[in-house]
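Below is one structure, written out as structure tokens; comments come after it.
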Amino acid sequence: MLRPIITSRVGAGVLALAGSLTTAHGPASAQQAAPPDPALASVARPTIVLESYVGQRPSNAGAIMAPLLDELEARGFAARPAPIMRWIGGRAPRPGALDKDKTAAEITQPADTGYEAYTRGRFADAQAVLQQALDLVHRNPALLALDTTNLNATFKILVGLALCQAKLGDTTGSVATMVELIRTFRGQPITRADYGPEAEQLYRAVWKQVRAMGRGQLAITVDSDQAVIFVDGQIRGLARATLDDLIPGVYRVFVQVPATAGRQYELEVIANQRTSLHVDWELDSSLWVTESWIGFVFATEAERAKQPGFAGKLARRWSDGELIAVVGMVLLHGQPGVTGHLYDLGGNVVRSAVVLLDGADGAGADQVKLRSLARFLDDGIAGDGVSEVQDAAPVVGRSRTPGMVSQLVPELLVSAGTAAMVAGGLLYAIDQDPGSMSPYLYRNTASAGIAVGSVGIAAASMGLWVWAARCSRSSAPLFGIGPSGGFIGWAGSL
């Protein structure tokens with residue numbers, strides 16, 4: 001019978017849970033909370049490494065970047081999603097839907113099948129189905145938040161899961177699930193008519209202990225007037241929301257701005273304290289936090305110019321005064337490359353470099369170059385193949401259009417130069433001497449023709465030279481704009 005579990009083990013479990021909720025941390029803030037893993041509190045925080053791309057991250061990025069990220073990890077950086085998430089936890093602005101191949105129906109349908117399995121006594125099967133469904137609900141608020149009927153499925157999942165856990169002797173898990181239900185659905189108790197006497201008894205036993213807990217506050221602001229704020233699947237405000245009298249625990253915040261994927265956060269509310277979240281939407285909407293990679297995605301190269309400022313903000317938010325590294329694939333003179341930048345709290349470049357890759361023809365050499373780039377980011381020593389860039393970030397073509405820059409630049413130079421030479425010739429040809437037509441009116445265009453023609457010759461010559469050098473794989477031009485100046489240089493040999 002379930003009653004003995006409720007009156008003894010469940011009651012003790014609630015008391016233990018209440019203690020952990022109210023004493024786990026000090027003052028909580030989305031920007032200044034303790035590390036999610038308490039074991040890290042006394043450990044020096046590593047330099048976090050983010051990736052950066054213009055347009056969609058290339059499908060081969062994982063394989064190409066692996067040697068660089070592995071070497072950074074070996075040198076004490078946090079370069080992979082798992083170690084990064086250990087430090088930033090719920091403060092990370094994850095996309096609103098982490099499982100894009102799922103639909104709302106696929107996520108909510110197990111609420112019925114799992115609960116039916118519970119009623120048939122298949123508790124282990126039901127628990128597995130319902131737990132998976134709940135995990136998908138937590139991971140994909142963007143797929144569920146805009147349809148309030150999905151809240152009924154979430155409620156049913158929580159009820160069925162709590163009952164299964166109790167039947168299987170997992171009192172702590174059952175209590176935690178029921179506390180989540182009470183926290184999420186404050187005005188919706190479990191009734192005997194809907195879910196039977198055992199569910200009602202479990203609800204009442206846990207609610208009795210929850211009432212004795214303290215209460216906390218949650219304040220959310222977003223730098224976008226169009227931002228709709230959801231908390232645990234329910235709309236709470238537009239651009240800002242303040243919630244009082246909250247049961248301590250983890251609250252899931254989803255921020256939806258039209259025509260975007262939205263961002264989700266997990267915040268812990270502490271009894272008798274105020275938890276705050278300020279969403280810098282311009283920054284957070286450019287940041288992608290997934291299980292496979294973490295970094296920036298910019299729509300254009302012009303947008304990428306915001307990278308130093310964003311990096312500085314994240315250094316202040318995540319690194320407790322330490323540096324932050326940004327690496328990414330680029331295209332330089334038609335040849336793939338990888339850049340690495342180290343930024344300080346102000347978004348200033350501490351050091352920056354680029355390596356050019358040879359691809360399949362030089363896979364071994366590429367790995368050496370990438371590991372040398374990691375060493376450079378660590379200690380500032382530029383090894384073979386590493387071209388240091390002073391106070392600048394290379395500005396390159398989009399990596400998803402290989403060869404575009406190398407083809408367009410010489411063609412545009414030659415075309416513009418030819419047009420300028422023709423225009424200069426015409427201006428020179430129509431020049432008139434004084435008095436040829438009128439003592440006062442005549443065309444004096446020779447000087448302009450010579451100037452325009454000279455510019456055209458120079459541009460066409462440069463275009464032909466770049467075109468001729470395009471096939472060379474041993475060198476490439478670098479162009480860059482940094483926070484305090486510009487850069488024009490050449491990587492490799494001429």
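How things are named: the first chain in the structure tokens is A, the next is B, and so on; residues count from 1 in each chain; ligands count from 1 in the order shown.
Backbone DSSP of range 268-338 of chain A yields alpha helix (DSSP H) at Trp281, Glu282, Leu283, Asp284, Glu301, Ala302, Glu303, Arg304, Gln307, Pro308, Gly309, Phe310, Ala311, Gly312, Lys313, Leu314, Ala315, Arg316, Arg317 and Trp318 of chain A.
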Checklist outcome for this item: If you count only C-alpha atoms, the residue of A:Glu282, A:Glu116, A:Glu291, A:Glu73 closest to Met85 in chain A turns out to be A:Glu291
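Closest approach to His341 in chain A among A:Gly89, A:Gly383, A:Gly216, A:Gly312: A:Gly312, based on only C-alpha atoms.
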Item to check | Nearest to Ala124 in chain A by atom-to-atom distance, counting only C-alpha atoms, from A:Leu370, A:Leu163, A:Leu357, A:Val455 | outcome: A:Leu163
